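A.B. asks: First, the structure itself, so that you have it in front of you.
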Amino acid sequence: MRTIHNRKPAWKIGRFLTIAVCLLALTACELDLDGGVVTDQALPDSSVLAKGDAQLAPRDELDVLSSKQILFGDLHVHSAFSTDAFITSMPLMGGGGLHPPADACDFARYCSALDFWSINDHAEGVTPERWMATKDAIRQCNAVAGDTDNPDLVSFLGWEWSHVDTDPAKHYGHKNVYFLDTDEALVPNRPIAAPRDQLGKAPLGKAAQLMLAVKDFPNRDLYLGIGSYYQAIDDTPKCERGIDVRDLPSDCIEEAYSPAELFTKLDQWGFDSIVIPHGNAWGMNTPPTTSWDKQVAAKMDDPLRQFLVEIYSGHGNSEEYRSWRAVDVATDGTRTCPLPGEGFQPCCHRAGEIIRQRCDSESLGAAECDARQTEAQQNYVDAGISGHLTVPGAQVADWLNCGQCTDCFNPTFKIRPGTTSQYALAKANFDQPEAPRHFRWGFIGSSDNHRSRPGTGYKEFDRLAMTESNGPRDKSLSRNTSDSREPEARSVAMGPDVKVNLNRKRNMERQGSFWMTGGLVAAHSDSRGRQDIWSSLKRKEVYATSGDRILLWFDLMQGELRHPMGSEVSLEQTPVFRVSAAGAFKQKPGCPEYTESSLGADRMQQLCRNECYNPSTERKKIDRIEIVRIMPQQDAGEVIGDLIEDPWRVIPCADTGEGCSVEFSDDGWQDLGRTAAYYARAIQEPSPAINAGGLRCELDDEGNCIKVDPCYGDYRTDADDACLAPNEERAWSSPIFVDPV
C-alpha cells in the first residue's frame, strides 16, 4: 500500500519562505523606484501645427481680436512619489501598478496631447533621492520636446504643499508650487513640505503586506516594498527650522508650518515661482467651518506669487458659494448642528435621523429617542471630518446625499462654502480699515491625477484608470473600506480609544461618487515657448475648463483698447464686455497613428488604455454664456452672499458649429461706486461624463433624496461601469477687475 503524505507542493513552500525571508530582512524587499525613462521621440511637426490651425476657423468666424494661441495644460499631476498615489497603485486595491514621473511625461505627450504640464507630488513624501529623480525626469521630458521656441510639450517642475489640520483655525489647505526654470542652479535643493509626520508611516503592517503578496504573487514586489517606501521618508531627517534655506543640507525634509513660512522660504531661494491654491473646498480633509478669512491677511498671502486659484479638478468644482454651513458656530465658539434648508441637509442632522430610526425600531420611547437624536447630532459635530464614524455600522446608502451641494455643477465632496473661489473673491481683510485687502485671483483647472496621467478629461472612459476611483477589487479585502461594526441605536463620541483605519476615517466610500476625470488650464500665449506660457500665467490671461478643450475669449472693450481676462482696469465710463466661445472637438475612438509608433502597442495599452486625444473636425455646441459679478467687501459687516451675483447675466448662444460671440455692458456699475469682478462661463451642450450624477439620488415628489446608487471604487461597482451621466462641460474665464477712478 502506498502512503500518501499531506504535503503542499515544494514550490508553494518555497514561495512562502522567500516572501517571509524578504519581510524579515527588508533589504531584499526594497523597490527599484526611480523617475523612469521618457520615451525619446517628439510628436510629429504636423500634429503640433494642427493644434494651432484648428483655432483659426472659429477665431475668424467669431471675429476674435486676439492673435494669441490657446494652449491647454494640466498643472497638477502626481506620480508614485506621492504617498497616496503609491498606496492606491497596488493592483489588489484597484490600481494599475506604480507610475513614475516619466510616465506622466509620456501620457501628456502621446495620450492626452497637452501643450504643457507640471509634476506636483506631495512634498511630504518626496525624499532627496525622489526629488533628484523628479528633476531628471522633467529634464528628460523637455529634452525630447525639440525647438525650445516651438516645443511639442513644455514640462514644469513643482511640488504640492499639503497642509491639513483638524482645527479650522490652523488648517491652510493645499498649494502647488511651480518654477519657471529646471536647471539645477535655478531650482531649490529640496521641496518644502507641510508638517505631516504620519505620511512617513506605512499604512499596512508586515502581516498585511505578506497577505497581499501571497494573494497577488506576480506583483509581490509592490506589496513587500511598501515598508521600504515609507521607511525612506521616515529615515530622512527633518531640516532645522529658522535657518535660511540656502544654509540647510540637501538631504533633509524641509517643512513650512504656514503659508507665511512657505512664502518666506521661497523668498530666500529667490527663484521665479508661482503658488496656486487648490482643493480648499474639498470636505475630505477640510474641517467644516474653515474659511479663507485668515489667509486674506497680508502675512499669509503673497500676491506676487499667489495670483491664481485652481477652481476645478478631478476632485470636482470649488467655484460656487452657498450660504448654508455644515456646522453652526455661535459668537462664544459653541458648535451646533444646523437645520436643513436651501436644498442642503447637514450630515450631523442626518446622523440624528439614522439614530432616531434605529431607536424607534427598538421601541425605546419618544423621550429617549429624542435625547439620542440630539446626542447623535452633537457627536457628529464634535468629530469634525470623522463625523460619519459616530454612527456605528452606517453604510454609504444610510447617509443619502447629506453634506452635498445639490444645485452646484459637479461639486467637490462635502463642499465647504467658506473656502470656495467665489467666497475668496468677495472676502476682504480689514486689518487696515482704510485699505481693505482682497484676493485678485485668476482661474485655472487641472486634474489632480495620482496615476501619472495629466489631462485625463479628453475622453470619458475607464473610470478606474482615468479618475481617482480606487478600492479593493476583491471582497475579501472589503474591511479596508466598510464599517463592519454592528449598527447600534446610539451614536458614539469620537475619543482616543476609537480605532479605525485611515481609509474609513477619511470617508473614502462616499467620495467614490465624486471623482471626475479632471480639468485643464488654458493659456492665451504668444507662442508655445516656456517663457510665453509662464507670462500668460503671470498676466492671469488664462482660464479653466472642466476637461473639454473649449475655446474662450473674454475682454473688456475700452474704445480701441482691449483688456483680456485677468486684467485690472480703472474706468470712469460704463464697462462693455465681449465674450467669444467655441465648443471642444468631438472625439474619434482610439489613438492617432503616431502614438503607437512612438510608444508601441503594449505601452499604449498600459498607459493610454488604447484611447487618446483624437479630435474629429466637428465641435460640440455652446449652449449659453453665463456672467458672474462679484463685489469685494468694502465693509466687514457686508454679507458675502449678497455680494456674489451668480449668474448675473445669462445669454443664449446661437451656435451653429463654430461657437458664438456676445457683447454686454453693466449700465448700473457707475451707480455702484465700487470695484466689481466679472467672469464668464461658456457652457457646452450636455454630454456623458463619469460621476456627473454624483450619488445618483432617487427623489420623492418634494425633491428630497430618498435612495442613492453610489458609484464605488471597489468591487461593489463593476469595473466596466463608467457611471456616466449627462454633463454640461464648461470653461471659466479669469475675472476682469473693474475699479472706479
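Naming works like this for the C-alpha cells: A, B, ... for the chains as they're shown, residue 1 at the start of each chain, ligands 1 onward in shown order.
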Neighbours of region 712-721 of chain A within 9 Å (only C-alpha atoms; same-chain residues fewer than 3 positions away dropped), as number ranges by chain?

C.D. replies: A: 93-94, 462-464, 468-475, 478, 481, 508-513, 724

A.B. asks: Set the distance at 10 Å and use only C-alpha atoms: which residues neighbour region 119-121 of chain A once local chain neighbours fewer than 2 positions away are removed? I'd like the list as a ChimeraX atom specification.

C.D. replies: /A:74-85,101-102,104-105,117,123-126,130-131,134-135,137-138,155-162,175-178,191,448-450,452,454

A.B. asks: Can you work out which one of A:Leu262, A:His99, A:Cys660, A:Ala636 has the shortest atom-to-atom distance to Asp60 (chain A), counting only C-alpha atoms?

C.D. replies: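 Smallest separation from Asp60 (chain A) among the options: A:Cys660.
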
A.B. asks: Given only C-alpha atoms as the basis, pick out the residue of A:Gln633, A:Ser447, A:Gln587, A:Asn219 nearest to Tyr613 (chain A).

C.D. replies: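 That would be A:Gln587, the residue with the smallest distance to Tyr613 (chain A).
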
A.B. asks: Would you mind reading off the distance between CA of Met631 (chain A) and CA of Lys427 (chain A), one decimal, in Å?

C.D. replies: 9.2 Å
